[in-house]
Each structure stands twice: as C-alpha cells, then as structure tokens.
file my_file_2.csv (CSV, N, CA, C and O atoms)
chain,number,residue,atom,x,y,z
D,1,THR,N,-6.7,-14.8,-16.1
D,1,THR,CA,-5.5,-15.6,-16.2
D,1,THR,C,-4.8,-15.5,-14.8
D,1,THR,O,-5.0,-14.7,-14.0
D,2,GLU,N,-3.9,-16.5,-14.7
D,2,GLU,CA,-3.1,-16.5,-13.4
D,2,GLU,C,-2.3,-15.3,-13.3
D,2,GLU,O,-2.1,-14.7,-12.2
D,3,ALA,N,-1.7,-14.8,-14.4
D,3,ALA,CA,-0.9,-13.6,-14.3
D,3,ALA,C,-1.7,-12.4,-13.8
D,3,ALA,O,-1.2,-11.6,-13.0
D,4,SER,N,-2.9,-12.2,-14.3
D,4,SER,CA,-3.7,-11.1,-13.9
D,4,SER,C,-4.2,-11.2,-12.4
D,4,SER,O,-4.3,-10.2,-11.7
D,5,VAL,N,-4.4,-12.4,-12.0
D,5,VAL,CA,-4.7,-12.6,-10.6
D,5,VAL,C,-3.5,-12.2,-9.7
D,5,VAL,O,-3.7,-11.5,-8.7
D,6,LYS,N,-2.3,-12.6,-10.1
D,6,LYS,CA,-1.1,-12.3,-9.3
D,6,LYS,C,-0.9,-10.7,-9.3
D,6,LYS,O,-0.6,-10.2,-8.3
D,7,GLN,N,-1.2,-10.1,-10.5
D,7,GLN,CA,-1.0,-8.7,-10.6
D,7,GLN,C,-2.1,-8.0,-9.7
D,7,GLN,O,-1.7,-7.1,-8.9
D,8,ASP,N,-3.3,-8.4,-9.7
D,8,ASP,CA,-4.4,-7.9,-8.8
D,8,ASP,C,-4.0,-8.1,-7.4
D,8,ASP,O,-4.2,-7.1,-6.6
D,9,THR,N,-3.5,-9.2,-7.0
D,9,THR,CA,-3.1,-9.5,-5.6
D,9,THR,C,-1.9,-8.5,-5.2
D,9,THR,O,-2.0,-7.9,-4.1
D,10,TRP,N,-1.0,-8.3,-6.1
D,10,TRP,CA,0.1,-7.4,-5.8
D,10,TRP,C,-0.4,-6.0,-5.6
D,10,TRP,O,0.0,-5.3,-4.6
D,11,ILE,N,-1.2,-5.5,-6.5
D,11,ILE,CA,-1.8,-4.2,-6.4
D,11,ILE,C,-2.6,-4.0,-5.1
D,11,ILE,O,-2.4,-3.0,-4.4
D,12,ALA,N,-3.4,-5.0,-4.7
D,12,ALA,CA,-4.2,-4.9,-3.5
D,12,ALA,C,-3.3,-4.8,-2.3
D,12,ALA,O,-3.7,-4.3,-1.2
D,13,ARG,N,-2.1,-5.4,-2.3
D,13,ARG,CA,-1.2,-5.3,-1.2
D,13,ARG,C,-0.4,-4.1,-1.0
D,13,ARG,O,0.3,-3.9,0.0
D,14,GLN,N,-0.4,-3.2,-2.0
D,14,GLN,CA,0.4,-2.0,-2.0
D,14,GLN,C,-0.3,-0.9,-1.2
D,14,GLN,O,-1.5,-0.7,-1.3
D,15,PRO,N,0.5,-0.3,-0.3
D,15,PRO,CA,-0.1,0.8,0.5
D,15,PRO,C,-0.3,2.1,-0.3
D,15,PRO,O,0.3,2.2,-1.4
D,16,VAL,N,-1.2,2.9,0.1
D,16,VAL,CA,-1.3,4.3,-0.5
D,16,VAL,C,-0.1,5.0,0.1
D,16,VAL,O,0.2,5.0,1.3
D,17,ILE,N,0.7,5.6,-0.8
D,17,ILE,CA,1.9,6.4,-0.4
D,17,ILE,C,1.8,7.8,-1.0
D,17,ILE,O,1.3,8.0,-2.1
D,18,LYS,N,2.4,8.7,-0.3
D,18,LYS,CA,2.5,10.1,-0.7
D,18,LYS,C,3.7,10.8,-0.1
D,18,LYS,O,4.4,10.1,0.7
D,19,GLN,N,3.8,12.0,-0.4
D,19,GLN,CA,5.0,12.8,0.1
D,19,GLN,C,5.1,12.6,1.6
D,19,GLN,O,4.1,12.7,2.3
D,20,GLY,N,6.3,12.3,2.1
D,20,GLY,CA,6.5,12.1,3.5
D,20,GLY,C,6.7,10.6,3.8
D,20,GLY,O,7.3,10.3,4.9
D,21,ALA,N,6.3,9.7,2.9
D,21,ALA,CA,6.4,8.3,3.1
D,21,ALA,C,7.8,7.9,2.9
D,21,ALA,O,8.6,8.6,2.2
D,22,SER,N,8.2,6.7,3.4
D,22,SER,CA,9.5,6.2,3.1
D,22,SER,C,9.5,4.7,3.3
D,22,SER,O,8.6,4.1,3.9
D,23,GLY,N,10.5,4.0,2.7
D,23,GLY,CA,10.6,2.6,2.8
D,23,GLY,C,10.6,1.9,1.5
D,23,GLY,O,10.8,2.5,0.5
D,24,ILE,N,10.5,0.6,1.6
D,24,ILE,CA,10.6,-0.3,0.5
D,24,ILE,C,9.6,-0.1,-0.6
D,24,ILE,O,9.9,-0.2,-1.8
D,25,ASP,N,8.4,0.3,-0.3
D,25,ASP,CA,7.4,0.6,-1.3
D,25,ASP,C,7.7,1.8,-2.1
D,25,ASP,O,7.5,1.9,-3.3
D,26,VAL,N,8.3,2.8,-1.4
D,26,VAL,CA,8.7,4.0,-2.1
D,26,VAL,C,9.9,3.7,-3.0
D,26,VAL,O,10.0,4.1,-4.2
D,27,ARG,N,10.8,2.9,-2.5
D,27,ARG,CA,12.0,2.4,-3.3
D,27,ARG,C,11.5,1.7,-4.5
D,27,ARG,O,12.0,1.9,-5.6
D,28,THR,N,10.5,0.8,-4.4
D,28,THR,CA,10.0,0.0,-5.5
D,28,THR,C,9.4,1.0,-6.6
D,28,THR,O,9.7,0.9,-7.8
D,29,LEU,N,8.6,2.0,-6.1
D,29,LEU,CA,8.1,2.9,-7.0
D,29,LEU,C,9.2,3.7,-7.8
D,29,LEU,O,9.1,3.9,-9.0
D,30,GLN,N,10.1,4.2,-7.0
D,30,GLN,CA,11.2,5.0,-7.6
D,30,GLN,C,12.0,4.1,-8.6
D,30,GLN,O,12.3,4.6,-9.7
D,31,ASN,N,12.3,2.9,-8.3
D,31,ASN,CA,13.0,2.0,-9.2
D,31,ASN,C,12.2,1.8,-10.5
D,31,ASN,O,12.8,1.9,-11.6
D,32,VAL,N,10.9,1.6,-10.4
D,32,VAL,CA,10.2,1.3,-11.7
D,32,VAL,C,10.1,2.6,-12.5
D,32,VAL,O,10.3,2.6,-13.7
D,33,LEU,N,9.8,3.7,-11.9
D,33,LEU,CA,9.8,5.0,-12.6
D,33,LEU,C,11.1,5.4,-13.2
D,33,LEU,O,11.2,5.9,-14.4
D,34,LYS,N,12.2,5.1,-12.5
D,34,LYS,CA,13.5,5.4,-13.0
D,34,LYS,C,13.9,4.4,-14.2
D,34,LYS,O,14.4,4.8,-15.2
D,35,SER,N,13.5,3.2,-14.1
D,35,SER,CA,13.8,2.2,-15.2
D,35,SER,C,13.0,2.5,-16.4
D,35,SER,O,13.4,2.0,-17.5
D,36,ALA,N,11.9,3.2,-16.4
D,36,ALA,CA,11.2,3.5,-17.6
D,36,ALA,C,12.0,4.3,-18.6
D,36,ALA,O,11.9,4.1,-19.8
D,37,VAL,N,13.0,5.1,-18.1
D,37,VAL,CA,13.9,5.8,-19.0
D,37,VAL,C,14.7,4.8,-19.8
D,37,VAL,O,14.9,4.9,-21.0
D,38,GLU,N,15.3,3.8,-19.1
D,38,GLU,CA,16.2,2.8,-19.7
D,38,GLU,C,15.5,2.0,-20.8
D,38,GLU,O,16.1,1.6,-21.7
D,39,TYR,N,14.1,1.8,-20.6
D,39,TYR,CA,13.4,1.0,-21.5
D,39,TYR,C,12.7,1.9,-22.6
D,39,TYR,O,12.0,1.4,-23.5
D,40,GLY,N,13.0,3.2,-22.5
D,40,GLY,CA,12.4,4.1,-23.5
D,40,GLY,C,10.9,4.3,-23.5
D,40,GLY,O,10.3,4.6,-24.5
D,41,ILE,N,10.3,4.1,-22.3
D,41,ILE,CA,8.9,4.3,-22.2
D,41,ILE,C,8.5,5.5,-21.3
D,41,ILE,O,7.3,5.6,-21.0
D,42,GLY,N,9.4,6.3,-21.0
D,42,GLY,CA,9.0,7.5,-20.3
D,42,GLY,C,10.2,8.0,-19.4
D,42,GLY,O,11.0,7.2,-18.9
D,43,ASN,N,10.2,9.3,-19.2
D,43,ASN,CA,11.2,9.9,-18.3
D,43,ASN,C,10.4,10.7,-17.3
D,43,ASN,O,9.9,11.8,-17.6
D,44,TYR,N,10.3,10.2,-16.1
D,44,TYR,CA,9.5,10.9,-15.1
D,44,TYR,C,10.3,11.7,-14.1
D,44,TYR,O,9.8,12.3,-13.2
D,45,GLY,N,11.6,11.8,-14.3
D,45,GLY,CA,12.5,12.6,-13.5
D,45,GLY,C,13.1,12.0,-12.3
D,45,GLY,O,13.6,12.8,-11.5
D,46,ILE,N,13.0,10.7,-12.1
D,46,ILE,CA,13.6,10.1,-11.0
D,46,ILE,C,15.1,10.0,-11.3
D,46,ILE,O,15.5,9.3,-12.2
D,47,THR,N,15.9,10.6,-10.5
D,47,THR,CA,17.4,10.5,-10.7
D,47,THR,C,18.1,9.7,-9.6
D,47,THR,O,19.2,9.2,-9.8
D,48,SER,N,17.4,9.5,-8.5
D,48,SER,CA,18.0,8.7,-7.4
D,48,SER,C,16.9,7.9,-6.7
D,48,SER,O,15.8,8.3,-6.7
D,49,VAL,N,17.3,6.7,-6.3
D,49,VAL,CA,16.4,5.8,-5.6
D,49,VAL,C,16.9,5.8,-4.1
D,49,VAL,O,17.9,5.2,-3.8
D,50,ASP,N,16.1,6.5,-3.3
D,50,ASP,CA,16.5,6.6,-1.8
D,50,ASP,C,15.5,6.1,-0.9
D,50,ASP,O,15.7,6.1,0.3
D,51,GLY,N,14.3,5.7,-1.4
D,51,GLY,CA,13.2,5.2,-0.5
D,51,GLY,C,12.5,6.3,0.2
D,51,GLY,O,11.7,6.0,1.1
D,52,ILE,N,12.7,7.6,-0.1
D,52,ILE,CA,12.1,8.7,0.5
D,52,ILE,C,11.2,9.4,-0.5
D,52,ILE,O,11.7,9.8,-1.5
D,53,PHE,N,9.9,9.5,-0.2
D,53,PHE,CA,9.0,10.2,-1.0
D,53,PHE,C,9.0,11.7,-0.8
D,53,PHE,O,8.2,12.2,0.0
D,54,GLY,N,9.9,12.3,-1.4
D,54,GLY,CA,10.1,13.8,-1.3
D,54,GLY,C,9.5,14.5,-2.5
D,54,GLY,O,8.7,13.9,-3.3
D,55,ALA,N,9.9,15.8,-2.6
D,55,ALA,CA,9.3,16.6,-3.7
D,55,ALA,C,9.6,16.1,-5.1
D,55,ALA,O,8.8,16.1,-6.0
D,56,ASN,N,10.8,15.5,-5.3
D,56,ASN,CA,11.2,15.0,-6.6
D,56,ASN,C,10.3,13.8,-7.0
D,56,ASN,O,9.9,13.7,-8.1
D,57,THR,N,10.1,12.9,-6.0
D,57,THR,CA,9.3,11.7,-6.3
D,57,THR,C,7.8,12.1,-6.5
D,57,THR,O,7.2,11.6,-7.4
D,58,GLN,N,7.4,13.1,-5.7
D,58,GLN,CA,6.0,13.6,-5.9
D,58,GLN,C,5.8,14.2,-7.4
D,58,GLN,O,4.9,13.9,-8.0
D,59,ALA,N,6.8,15.0,-7.8
D,59,ALA,CA,6.7,15.5,-9.1
D,59,ALA,C,6.8,14.4,-10.2
D,59,ALA,O,6.0,14.5,-11.2
D,60,ALA,N,7.6,13.4,-10.0
D,60,ALA,CA,7.6,12.3,-10.9
D,60,ALA,C,6.3,11.5,-11.0
D,60,ALA,O,5.8,11.2,-12.0
D,61,VAL,N,5.7,11.3,-9.8
D,61,VAL,CA,4.4,10.6,-9.8
D,61,VAL,C,3.3,11.5,-10.5
D,61,VAL,O,2.6,10.9,-11.3
D,62,ILE,N,3.3,12.8,-10.3
D,62,ILE,CA,2.3,13.6,-11.0
D,62,ILE,C,2.6,13.5,-12.5
D,62,ILE,O,1.6,13.4,-13.3
D,63,LYS,N,3.8,13.6,-12.9
D,63,LYS,CA,4.1,13.5,-14.4
D,63,LYS,C,3.6,12.1,-14.9
D,63,LYS,O,3.1,12.0,-16.0
D,64,PHE,N,3.9,11.0,-14.1
D,64,PHE,CA,3.5,9.7,-14.5
D,64,PHE,C,2.0,9.6,-14.6
D,64,PHE,O,1.4,9.1,-15.5
D,65,GLN,N,1.3,10.2,-13.6
D,65,GLN,CA,-0.2,10.1,-13.5
D,65,GLN,C,-0.8,10.9,-14.7
D,65,GLN,O,-1.7,10.4,-15.4
D,66,LYS,N,-0.2,12.0,-15.1
D,66,LYS,CA,-0.7,12.8,-16.2
D,66,LYS,C,-0.5,12.0,-17.5
D,66,LYS,O,-1.4,12.0,-18.4
D,67,ALA,N,0.6,11.4,-17.6
D,67,ALA,CA,0.9,10.6,-18.9
D,67,ALA,C,0.0,9.4,-19.0
D,67,ALA,O,-0.2,8.9,-20.1
D,68,ASN,N,-0.5,8.9,-17.9
D,68,ASN,CA,-1.4,7.8,-17.9
D,68,ASN,C,-2.9,8.1,-17.7
D,68,ASN,O,-3.7,7.2,-17.4
D,69,ASN,N,-3.2,9.4,-17.8
D,69,ASN,CA,-4.6,9.8,-17.7
D,69,ASN,C,-5.2,9.5,-16.4
D,69,ASN,O,-6.4,9.1,-16.3
D,70,LEU,N,-4.4,9.6,-15.3
D,70,LEU,CA,-4.9,9.3,-14.0
D,70,LEU,C,-5.1,10.7,-13.3
D,70,LEU,O,-4.6,11.7,-13.7
D,71,THR,N,-5.8,10.7,-12.1
D,71,THR,CA,-5.9,11.9,-11.3
D,71,THR,C,-4.5,12.3,-10.9
D,71,THR,O,-3.8,11.5,-10.2
D,72,ALA,N,-4.0,13.4,-11.3
D,72,ALA,CA,-2.6,13.9,-11.0
D,72,ALA,C,-2.5,14.6,-9.7
D,72,ALA,O,-2.4,15.8,-9.6
D,73,ASP,N,-2.6,13.8,-8.6
D,73,ASP,CA,-2.6,14.3,-7.2
D,73,ASP,C,-1.3,14.0,-6.5
D,73,ASP,O,-1.1,14.5,-5.3
D,74,GLY,N,-0.4,13.2,-7.1
D,74,GLY,CA,0.8,12.9,-6.4
D,74,GLY,C,0.7,11.8,-5.4
D,74,GLY,O,1.7,11.5,-4.7
D,75,ILE,N,-0.4,11.3,-5.2
D,75,ILE,CA,-0.7,10.2,-4.3
D,75,ILE,C,-0.8,8.9,-5.0
D,75,ILE,O,-1.5,8.8,-6.0
D,76,VAL,N,0.0,7.9,-4.6
D,76,VAL,CA,0.0,6.6,-5.2
D,76,VAL,C,-1.0,5.6,-4.5
D,76,VAL,O,-0.7,5.1,-3.5
D,77,GLY,N,-2.1,5.5,-5.2
D,77,GLY,CA,-3.1,4.6,-4.7
D,77,GLY,C,-3.3,3.4,-5.7
D,77,GLY,O,-2.4,3.2,-6.5
D,78,ALA,N,-4.4,2.7,-5.6
D,78,ALA,CA,-4.6,1.5,-6.4
D,78,ALA,C,-4.5,1.8,-7.9
D,78,ALA,O,-3.9,1.1,-8.7
D,79,ALA,N,-5.1,2.9,-8.4
D,79,ALA,CA,-5.1,3.2,-9.9
D,79,ALA,C,-3.6,3.5,-10.3
D,79,ALA,O,-3.2,3.0,-11.4
D,80,THR,N,-2.9,4.2,-9.5
D,80,THR,CA,-1.5,4.5,-9.9
D,80,THR,C,-0.6,3.2,-9.8
D,80,THR,O,0.2,3.0,-10.7
D,81,TRP,N,-0.8,2.4,-8.8
D,81,TRP,CA,-0.1,1.2,-8.6
D,81,TRP,C,-0.4,0.3,-9.8
D,81,TRP,O,0.5,-0.4,-10.4
D,82,ARG,N,-1.6,0.3,-10.3
D,82,ARG,CA,-2.0,-0.6,-11.4
D,82,ARG,C,-1.2,-0.1,-12.7
D,82,ARG,O,-0.7,-1.0,-13.4
D,83,ALA,N,-1.2,1.2,-12.9
D,83,ALA,CA,-0.4,1.7,-14.0
D,83,ALA,C,1.1,1.4,-13.9
D,83,ALA,O,1.8,1.0,-14.9
D,84,VAL,N,1.6,1.5,-12.7
D,84,VAL,CA,3.0,1.2,-12.4
D,84,VAL,C,3.3,-0.2,-12.7
D,84,VAL,O,4.3,-0.6,-13.3
D,85,SER,N,2.4,-1.1,-12.3
D,85,SER,CA,2.5,-2.5,-12.5
D,85,SER,C,2.6,-2.9,-14.0
D,85,SER,O,3.3,-3.9,-14.4
D,86,GLN,N,2.0,-2.1,-14.9
D,86,GLN,CA,2.1,-2.3,-16.3
D,86,GLN,C,3.6,-2.1,-16.8
D,86,GLN,O,4.0,-2.7,-17.7
D,87,LEU,N,4.3,-1.2,-16.1
D,87,LEU,CA,5.7,-0.9,-16.5
D,87,LEU,C,6.5,-2.1,-16.1
D,87,LEU,O,7.6,-2.3,-16.6
D,88,MET,N,6.1,-2.8,-15.1
D,88,MET,CA,6.8,-4.0,-14.5
D,88,MET,C,6.6,-5.3,-15.3
D,88,MET,O,7.4,-6.2,-15.2
D,89,ALA,N,5.6,-5.3,-16.1
D,89,ALA,CA,5.2,-6.5,-16.8
D,89,ALA,C,6.2,-6.8,-18.0
D,89,ALA,O,6.8,-6.0,-18.5

call {"tool": "encode", "arguments": {"input": "my_file_2.csv", "output": "structure tokens"}}
result
Amino acid sequence: TEASVKQDTWIARQPVIKQGASGIDVRTLQNVLKSAVEYGIGNYGITSVDGIFGANTQAAVIKFQKANNLTADGIVGAATWRAVSQLMA
C-alpha cells in the first residue's frame, strides 16, 4: 500500500544513532518514546526531549528494544526505527 511505501521510505532515510549522537533524529526518537506513555503503550523512561543521545536515552532504547523483541544493544538501526514507526502510526 502507499502507506507502507511511505513508512519504508521514512525508515530507509533514518540514520543509525547511538549514544553520543545529537540532533533532530534523536529528538524525534525521544519524542516518540516519551509520547508512548501518554498513549498508554509503554513507559520507556524518557523524561526530557533534548536531542542528545545520552545514558537516559540509551536506557530507554534498550527497554524499548526488549519490549519489542529486538536486539537490545541501545543502537537505533533499521529494525528499531521500524518498531518506532509503529508507535507513530
């Protein structure tokens, strides 16, 4: 479907991010993980959105990865972005 093509395109454009990264992609990730609490679909421990992938964001990513049966390495690659995109749908 057109929606899945758009989702696949979005995922393909996301960079691999990990601790030490910063910027809009980190901010997007933090916003989505933080909003999961508001929608009652998970609490990953994001308390602030600052665009810096520090220890708190890494811990949240690992918690998210475990909850989604992904490799829990704290690195946000294509598989993690795909799962994150499901929260955005």

call {"tool": "closest_residue", "arguments": {"input": "my_file_2.csv", "among": "D:Met88, D:Ile52, D:Leu29, D:Ile41", "to": "D:Ala67", "atoms": "only C-alpha atoms"}}
result
D:Ile41

call {"tool": "closest_residue", "arguments": {"input": "my_file_2.csv", "among": "D:Val37, D:Ala12, D:Ala60, D:Ile24", "to": "D:Gly74", "atoms": "all atoms listed in the file"}}
result
D:Ala60

call {"tool": "closest_residue", "arguments": {"input": "my_file_2.csv", "among": "D:Asn69, D:Ser4, D:Ser48, D:Gln58", "to": "D:Gly20", "atoms": "all atoms listed in the file"}}
result
D:Gln58

call {"tool": "atom_distance", "arguments": {"input": "my_file_2.csv", "atom1": "atom CA of D:Lys66", "atom2": "atom N of D:Gln7"}}
result
23.6 Å

call {"tool": "atom_distance", "arguments": {"input": "my_file_2.csv", "atom1": "atom CA of D:Ala89", "atom2": "atom CA of D:Val49"}}
result
20.1 Å

call {"tool": "closest_residue", "arguments": {"input": "my_file_2.csv", "among": "D:Ala79, D:Ile11, D:Leu33, D:Ala3", "to": "D:Val61", "atoms": "only C-alpha atoms"}}
result
D:Leu33

call {"tool": "residues_near_point", "arguments": {"input": "my_file_2.csv", "point": "(-2.4, 3.8, -14.7)", "cutoff": "12 Å", "atoms": "only C-alpha atoms", "output": "PDB file with N, CA, C and O atoms, keeping the file's coordinate frame"}}
result
ATOM      1  N   ILE D  11      -1.200  -5.500  -6.500  1.00  0.00           N
ATOM      2  CA  ILE D  11      -1.800  -4.200  -6.400  1.00  0.00           C
ATOM      3  C   ILE D  11      -2.600  -4.000  -5.100  1.00  0.00           C
ATOM      4  O   ILE D  11      -2.400  -3.000  -4.400  1.00  0.00           O
ATOM      5  N   VAL D  61       5.700  11.300  -9.800  1.00  0.00           N
ATOM      6  CA  VAL D  61       4.400  10.600  -9.800  1.00  0.00           C
ATOM      7  C   VAL D  61       3.300  11.500 -10.500  1.00  0.00           C
ATOM      8  O   VAL D  61       2.600  10.900 -11.300  1.00  0.00           O
ATOM      9  N   ILE D  62       3.300  12.800 -10.300  1.00  0.00           N
ATOM     10  CA  ILE D  62       2.300  13.600 -11.000  1.00  0.00           C
ATOM     11  C   ILE D  62       2.600  13.500 -12.500  1.00  0.00           C
ATOM     12  O   ILE D  62       1.600  13.400 -13.300  1.00  0.00           O
ATOM     13  N   LYS D  63       3.800  13.600 -12.900  1.00  0.00           N
ATOM     14  CA  LYS D  63       4.100  13.500 -14.400  1.00  0.00           C
ATOM     15  C   LYS D  63       3.600  12.100 -14.900  1.00  0.00           C
ATOM     16  O   LYS D  63       3.100  12.000 -16.000  1.00  0.00           O
ATOM     17  N   PHE D  64       3.900  11.000 -14.100  1.00  0.00           N
ATOM     18  CA  PHE D  64       3.500   9.700 -14.500  1.00  0.00           C
ATOM     19  C   PHE D  64       2.000   9.600 -14.600  1.00  0.00           C
ATOM     20  O   PHE D  64       1.400   9.100 -15.500  1.00  0.00           O
ATOM     21  N   GLN D  65       1.300  10.200 -13.600  1.00  0.00           N
ATOM     22  CA  GLN D  65      -0.200  10.100 -13.500  1.00  0.00           C
ATOM     23  C   GLN D  65      -0.800  10.900 -14.700  1.00  0.00           C
ATOM     24  O   GLN D  65      -1.700  10.400 -15.400  1.00  0.00           O
ATOM     25  N   LYS D  66      -0.200  12.000 -15.100  1.00  0.00           N
ATOM     26  CA  LYS D  66      -0.700  12.800 -16.200  1.00  0.00           C
ATOM     27  C   LYS D  66      -0.500  12.000 -17.500  1.00  0.00           C
ATOM     28  O   LYS D  66      -1.400  12.000 -18.400  1.00  0.00           O
ATOM     29  N   ALA D  67       0.600  11.400 -17.600  1.00  0.00           N
ATOM     30  CA  ALA D  67       0.900  10.600 -18.900  1.00  0.00           C
ATOM     31  C   ALA D  67       0.000   9.400 -19.000  1.00  0.00           C
ATOM     32  O   ALA D  67      -0.200   8.900 -20.100  1.00  0.00           O
ATOM     33  N   ASN D  68      -0.500   8.900 -17.900  1.00  0.00           N
ATOM     34  CA  ASN D  68      -1.400   7.800 -17.900  1.00  0.00           C
ATOM     35  C   ASN D  68      -2.900   8.100 -17.700  1.00  0.00           C
ATOM     36  O   ASN D  68      -3.700   7.200 -17.400  1.00  0.00           O
ATOM     37  N   ASN D  69      -3.200   9.400 -17.800  1.00  0.00           N
ATOM     38  CA  ASN D  69      -4.600   9.800 -17.700  1.00  0.00           C
ATOM     39  C   ASN D  69      -5.200   9.500 -16.400  1.00  0.00           C
ATOM     40  O   ASN D  69      -6.400   9.100 -16.300  1.00  0.00           O
ATOM     41  N   LEU D  70      -4.400   9.600 -15.300  1.00  0.00           N
ATOM     42  CA  LEU D  70      -4.900   9.300 -14.000  1.00  0.00           C
ATOM     43  C   LEU D  70      -5.100  10.700 -13.300  1.00  0.00           C
ATOM     44  O   LEU D  70      -4.600  11.700 -13.700  1.00  0.00           O
ATOM     45  N   THR D  71      -5.800  10.700 -12.100  1.00  0.00           N
ATOM     46  CA  THR D  71      -5.900  11.900 -11.300  1.00  0.00           C
ATOM     47  C   THR D  71      -4.500  12.300 -10.900  1.00  0.00           C
ATOM     48  O   THR D  71      -3.800  11.500 -10.200  1.00  0.00           O
ATOM     49  N   ALA D  72      -4.000  13.400 -11.300  1.00  0.00           N
ATOM     50  CA  ALA D  72      -2.600  13.900 -11.000  1.00  0.00           C
ATOM     51  C   ALA D  72      -2.500  14.600  -9.700  1.00  0.00           C
ATOM     52  O   ALA D  72      -2.400  15.800  -9.600  1.00  0.00           O
ATOM     53  N   VAL D  76       0.000   7.900  -4.600  1.00  0.00           N
ATOM     54  CA  VAL D  76       0.000   6.600  -5.200  1.00  0.00           C
ATOM     55  C   VAL D  76      -1.000   5.600  -4.500  1.00  0.00           C
ATOM     56  O   VAL D  76      -0.700   5.100  -3.500  1.00  0.00           O
ATOM     57  N   GLY D  77      -2.100   5.500  -5.200  1.00  0.00           N
ATOM     58  CA  GLY D  77      -3.100   4.600  -4.700  1.00  0.00           C
ATOM     59  C   GLY D  77      -3.300   3.400  -5.700  1.00  0.00           C
ATOM     60  O   GLY D  77      -2.400   3.200  -6.500  1.00  0.00           O
ATOM     61  N   ALA D  78      -4.400   2.700  -5.600  1.00  0.00           N
ATOM     62  CA  ALA D  78      -4.600   1.500  -6.400  1.00  0.00           C
ATOM     63  C   ALA D  78      -4.500   1.800  -7.900  1.00  0.00           C
ATOM     64  O   ALA D  78      -3.900   1.100  -8.700  1.00  0.00           O
ATOM     65  N   ALA D  79      -5.100   2.900  -8.400  1.00  0.00           N
ATOM     66  CA  ALA D  79      -5.100   3.200  -9.900  1.00  0.00           C
ATOM     67  C   ALA D  79      -3.600   3.500 -10.300  1.00  0.00           C
ATOM     68  O   ALA D  79      -3.200   3.000 -11.400  1.00  0.00           O
ATOM     69  N   THR D  80      -2.900   4.200  -9.500  1.00  0.00           N
ATOM     70  CA  THR D  80      -1.500   4.500  -9.900  1.00  0.00           C
ATOM     71  C   THR D  80      -0.600   3.200  -9.800  1.00  0.00           C
ATOM     72  O   THR D  80       0.200   3.000 -10.700  1.00  0.00           O
ATOM     73  N   TRP D  81      -0.800   2.400  -8.800  1.00  0.00           N
ATOM     74  CA  TRP D  81      -0.100   1.200  -8.600  1.00  0.00           C
ATOM     75  C   TRP D  81      -0.400   0.300  -9.800  1.00  0.00           C
ATOM     76  O   TRP D  81       0.500  -0.400 -10.400  1.00  0.00           O
ATOM     77  N   ARG D  82      -1.600   0.300 -10.300  1.00  0.00           N
ATOM     78  CA  ARG D  82      -2.000  -0.600 -11.400  1.00  0.00           C
ATOM     79  C   ARG D  82      -1.200  -0.100 -12.700  1.00  0.00           C
ATOM     80  O   ARG D  82      -0.700  -1.000 -13.400  1.00  0.00           O
ATOM     81  N   ALA D  83      -1.200   1.200 -12.900  1.00  0.00           N
ATOM     82  CA  ALA D  83      -0.400   1.700 -14.000  1.00  0.00           C
ATOM     83  C   ALA D  83       1.100   1.400 -13.900  1.00  0.00           C
ATOM     84  O   ALA D  83       1.800   1.000 -14.900  1.00  0.00           O
ATOM     85  N   VAL D  84       1.600   1.500 -12.700  1.00  0.00           N
ATOM     86  CA  VAL D  84       3.000   1.200 -12.400  1.00  0.00           C
ATOM     87  C   VAL D  84       3.300  -0.200 -12.700  1.00  0.00           C
ATOM     88  O   VAL D  84       4.300  -0.600 -13.300  1.00  0.00           O
ATOM     89  N   SER D  85       2.400  -1.100 -12.300  1.00  0.00           N
ATOM     90  CA  SER D  85       2.500  -2.500 -12.500  1.00  0.00           C
ATOM     91  C   SER D  85       2.600  -2.900 -14.000  1.00  0.00           C
ATOM     92  O   SER D  85       3.300  -3.900 -14.400  1.00  0.00           O
ATOM     93  N   GLN D  86       2.000  -2.100 -14.900  1.00  0.00           N
ATOM     94  CA  GLN D  86       2.100  -2.300 -16.300  1.00  0.00           C
ATOM     95  C   GLN D  86       3.600  -2.100 -16.800  1.00  0.00           C
ATOM     96  O   GLN D  86       4.000  -2.700 -17.700  1.00  0.00           O
ATOM     97  N   LEU D  87       4.300  -1.200 -16.100  1.00  0.00           N
ATOM     98  CA  LEU D  87       5.700  -0.900 -16.500  1.00  0.00           C
ATOM     99  C   LEU D  87       6.500  -2.100 -16.100  1.00  0.00           C
ATOM    100  O   LEU D  87       7.600  -2.300 -16.600  1.00  0.00           O
TER     101      LEU D  87
END

call {"tool": "axis_aligned_box", "arguments": {"input": "my_file_2.csv", "around": "stretch 12-23 of chain D", "padding_each_side": "3 Å", "output": "JSON"}}
result
{"center_x": 3.3, "center_y": 3.7, "center_z": 0.1, "size_x": 21.0, "size_y": 24.2, "size_z": 15.6}

call {"tool": "closest_residue", "arguments": {"input": "my_file_2.csv", "among": "D:Glu2, D:Glu38, D:Asp8, D:Asp50", "to": "D:Ala21", "atoms": "all atoms listed in the file"}}
result
D:Asp50

call {"tool": "atom_distance", "arguments": {"input": "my_file_2.csv", "atom1": "atom C of D:Pro15", "atom2": "atom C of D:Gly54"}}
result
16.0 Å

call {"tool": "closest_residue", "arguments": {"input": "my_file_2.csv", "among": "D:Asp73, D:Lys6, D:Val16, D:Lys34", "to": "D:Thr47", "atoms": "all atoms listed in the file"}}
result
D:Lys34

call {"tool": "residues_around", "arguments": {"input": "my_file_2.csv", "residues": "D:Gly23", "least_positions_apart": "3", "cutoff": "6 Å", "atoms": "only N, CA, C and O atoms", "output": "ChimeraX atom specification"}}
result
/D:26-28,51-52

call {"tool": "select_by_dssp", "arguments": {"input": "my_file_2.csv", "residues": "chain D", "states": "helix (DSSP H, G or I)", "output": "ChimeraX atom specification"}}
result
/D:2-13,24-38,55-67,78-88

call {"tool": "select_by_dssp", "arguments": {"input": "my_file_2.csv", "residues": "chain D", "states": "strand (DSSP E or B)", "output": "list in words"}}
result
Ile17, Ser22, Ile52 and Val76 of chain D

call {"tool": "write_last_selection", "arguments": {"input": "my_file_2.csv", "atoms": "N, CA, C and O atoms", "output": "tab-separated table (two decimals), keeping the file's coordinate frame"}}
result
chain	number	residue	atom	x	y	z
D	17	ILE	N	0.70	5.60	-0.80
D	17	ILE	CA	1.90	6.40	-0.40
D	17	ILE	C	1.80	7.80	-1.00
D	17	ILE	O	1.30	8.00	-2.10
D	22	SER	N	8.20	6.70	3.40
D	22	SER	CA	9.50	6.20	3.10
D	22	SER	C	9.50	4.70	3.30
D	22	SER	O	8.60	4.10	3.90
D	52	ILE	N	12.70	7.60	-0.10
D	52	ILE	CA	12.10	8.70	0.50
D	52	ILE	C	11.20	9.40	-0.50
D	52	ILE	O	11.70	9.80	-1.50
D	76	VAL	N	0.00	7.90	-4.60
D	76	VAL	CA	0.00	6.60	-5.20
D	76	VAL	C	-1.00	5.60	-4.50
D	76	VAL	O	-0.70	5.10	-3.50
